[in-house]
Every structure is written in structure tokens, then in C-alpha cells.
Amino acid sequence: MILTHQRVDAFNRYLNTTVGREKLCRLIQYFARFYAFYLFRNGAPKDVIQRWVDLKTHLGNGRKFFRLLKPVEFAQTGIKSLALNDEILRFTAVAKQAGMFLYYISEAFVLSNAINFYKPANIKQITELGQKCWFAALIASLISSVYKFKQLSVREHMLEKSRKAIVNTEEKSETQIAELKAQESALAKDKYNTKYAFIQDAVDIIIPSTSLGYLKVDEGIVGLAGMTTSFMAMVTQWNKLNG
């Protein structure tokens, strides 16, 4: 009973965050996108297919309300990124934040058009620009991850040298051993986080690439890609809140 309560509490903590609810909606949205394509391929009735297409559309618009003020977050993070000492990390971080800032700005216009509040005459160009900005942001993030892999490789090499030096030392202090373990733990965590982010970006980029015509895949693949990265984002948010 106690364990059940703990799980419910953890789930409530997750749902009490805007990010948690938005990512759950994203998962359902991309499942609907995948399932509508699956039904179409299998010759389902049009009204059944349309039901899932409508769910996808309405969830997509609903999620845009969650993210109306997202540009502020990315603008602030981009400004903070200017303080990074490493030139490559600084450039890729600023490029990513700028791309996401413009993407969410374009989304606001897309939402305004979808709910008939304000209908820009060039909505197709705005939508395409937003997708290009998202694509550019993901490219910048992937470049950053590749660069971090190189840095992590250097750190791992240096740590291996330190480990051998300590092992070959006759008098090993507990402080040296504890510090080595702490560095190994930090390195393992950084490697995991970098790989996780790289995989998430590599899968996510399928979506804008397909929308822009850079990649030729069907709606089913796009739906699966969105479901995968949604689940990964949900796991990140869950661990952040519940450990």
C-alpha cells in the first residue's frame, strides 16, 4: 500500500509540472500520428482515420498553448551561453537557443492561425521558417554533442593515467581513492547524458527533416520518432522530479 502511494505521489509530481503534461500530450499526439497512418495503410474507414487525425491536430494545438512563453526561456539561456569559455560550445549553444527561440515564435503564429485569432497571409512561409529553425537548432546540438564526445575521450584518457599512477603508488591515501572514484562517477554521468542527448536529437531531427522535404519517410516513421523522443523527454523530467 505504501509503495502504491509513493508511485501515485511520484506520478502526481510529474503531472504537476507543465513540462511533464506537455511531454505526455506530445507522446499521445505522435502516437495518434503513427496510428492514423497505420489505419490508412490497413484500409480502415475514413471516419475512424479522421478521428485520430483530429486528435493529433488538437493535441498539437493544445501543446502550443503550453509553450507560448518558451521564447523567453530560450532567449535567457542563449544570453547565458555567451559566457561559455569554450568557443565551439559557446557557438553551438547560442545557435541552438536562437534556433529554438525563432521556432517557438513561429509556433505562436501557427497557433494564432489555427484558432482563427489572427491569420497571417504568409503562414506557409512562417511554418517553413519555424521548421528550418528547429532543424538548425538540432544540428547545432548534435555538433555540440560530437564535440563533447571528444572532450570526454580526453578526460577518460587522463583519468586512466591517474588511475594507473595511484595503483602503482605504494602509499595510497583514502583521499586519492575517493577523489578518483568521484571523477569516475562524474565522467560516467557526463558520458550518459551526452549520449542520451545525442540519440534524442538524432531521432528528433527526423521530424523537421521530413517536413522540409530533406528526408523521405512516411508518417508512420515520423510518428515513431516523435513517440521515442517524447518518451525520452518524459524519462528525463521524471528522473529530475523523482530521482
# chains A, B, ... in the order shown; residues from 1 in each chain; ligands from 1

call {"tool": "residues_around", "arguments": {"residues": "region 13-24 of chain A", "least_positions_apart": "3", "cutoff": "10 Å", "atoms": "only C-alpha atoms", "output": "number ranges by chain"}}
result
A: 7-10, 27-29, 59-60, 62-67, 227, 229-242

call {"tool": "write_last_selection", "arguments": {"atoms": "C-alpha atoms", "output": "mmCIF file, in the first residue's frame"}}
result
data_model
loop_
_atom_site.group_PDB
_atom_site.id
_atom_site.type_symbol
_atom_site.label_atom_id
_atom_site.label_comp_id
_atom_site.auth_asym_id
_atom_site.auth_seq_id
_atom_site.Cartn_x
_atom_site.Cartn_y
_atom_site.Cartn_z
ATOM 1 C CA ARG A 7 4.074 5.741 -7.069
ATOM 2 C CA VAL A 8 0.916 7.846 -7.167
ATOM 3 C CA ASP A 9 2.762 10.710 -5.452
ATOM 4 C CA ALA A 10 5.585 10.438 -7.985
ATOM 5 C CA LEU A 27 3.606 11.246 -26.759
ATOM 6 C CA ILE A 28 -0.128 10.796 -27.380
ATOM 7 C CA GLN A 29 -0.041 13.231 -30.320
ATOM 8 C CA LEU A 59 -3.214 17.925 -29.201
ATOM 9 C CA GLY A 60 -0.672 19.732 -31.375
ATOM 10 C CA GLY A 62 -3.064 22.393 -27.265
ATOM 11 C CA ARG A 63 0.654 21.863 -26.740
ATOM 12 C CA LYS A 64 1.360 25.195 -28.424
ATOM 13 C CA PHE A 65 -0.546 26.946 -25.613
ATOM 14 C CA PHE A 66 1.790 25.289 -23.104
ATOM 15 C CA ARG A 67 4.775 26.708 -24.982
ATOM 16 C CA MET A 227 6.923 8.905 -29.693
ATOM 17 C CA THR A 229 11.811 11.361 -28.216
ATOM 18 C CA SER A 230 8.659 12.192 -26.238
ATOM 19 C CA PHE A 231 9.221 9.162 -24.026
ATOM 20 C CA MET A 232 12.898 10.072 -23.618
ATOM 21 C CA ALA A 233 11.933 13.604 -22.576
ATOM 22 C CA MET A 234 9.371 12.185 -20.149
ATOM 23 C CA VAL A 235 12.008 9.942 -18.564
ATOM 24 C CA THR A 236 14.335 12.948 -18.158
ATOM 25 C CA GLN A 237 11.599 15.002 -16.491
ATOM 26 C CA TRP A 238 10.541 12.060 -14.298
ATOM 27 C CA ASN A 239 14.102 11.477 -13.069
ATOM 28 C CA LYS A 240 14.539 15.190 -12.432
ATOM 29 C CA LEU A 241 11.494 15.203 -10.163
ATOM 30 C CA ASN A 242 11.629 11.749 -8.596
#

call {"tool": "select_by_dssp", "arguments": {"residues": "region 39-113 of chain A", "states": "alpha helix (DSSP H)", "output": "PyMOL selection string"}}
result
chain A and resi 39-41+46-66+70-81+87-113

call {"tool": "residues_around", "arguments": {"residues": "Leu212 (chain A)", "least_positions_apart": "6", "cutoff": "8 Å", "atoms": "only C-alpha atoms", "output": "list in words"}}
result
Glu128, Gln131 and Lys132 of chain A

call {"tool": "atom_distance", "arguments": {"atom1": "CA of Val203 (chain A)", "atom2": "CA of Cys25 (chain A)"}}
result
18.3 Å

call {"tool": "closest_atom_pairs", "arguments": {"of": "region 19-133 of chain A", "to": "region 144-166 of chain A", "cutoff": "10 Å", "atoms": "only C-alpha atoms", "output": "JSON lines"}}
result
{"residue": "A:Ile88", "atom": "CA", "partner": "A:Ser144", "partner_atom": "CA", "distance": 7.4}
{"residue": "A:Leu89", "atom": "CA", "partner": "A:Ser144", "partner_atom": "CA", "distance": 6.1}
{"residue": "A:Arg90", "atom": "CA", "partner": "A:Ser144", "partner_atom": "CA", "distance": 9.2}
{"residue": "A:Phe91", "atom": "CA", "partner": "A:Ser144", "partner_atom": "CA", "distance": 8.9}
{"residue": "A:Thr92", "atom": "CA", "partner": "A:Ser144", "partner_atom": "CA", "distance": 5.9}
{"residue": "A:Ala93", "atom": "CA", "partner": "A:Ser144", "partner_atom": "CA", "distance": 7.5}
{"residue": "A:Lys96", "atom": "CA", "partner": "A:Ser144", "partner_atom": "CA", "distance": 9.4}
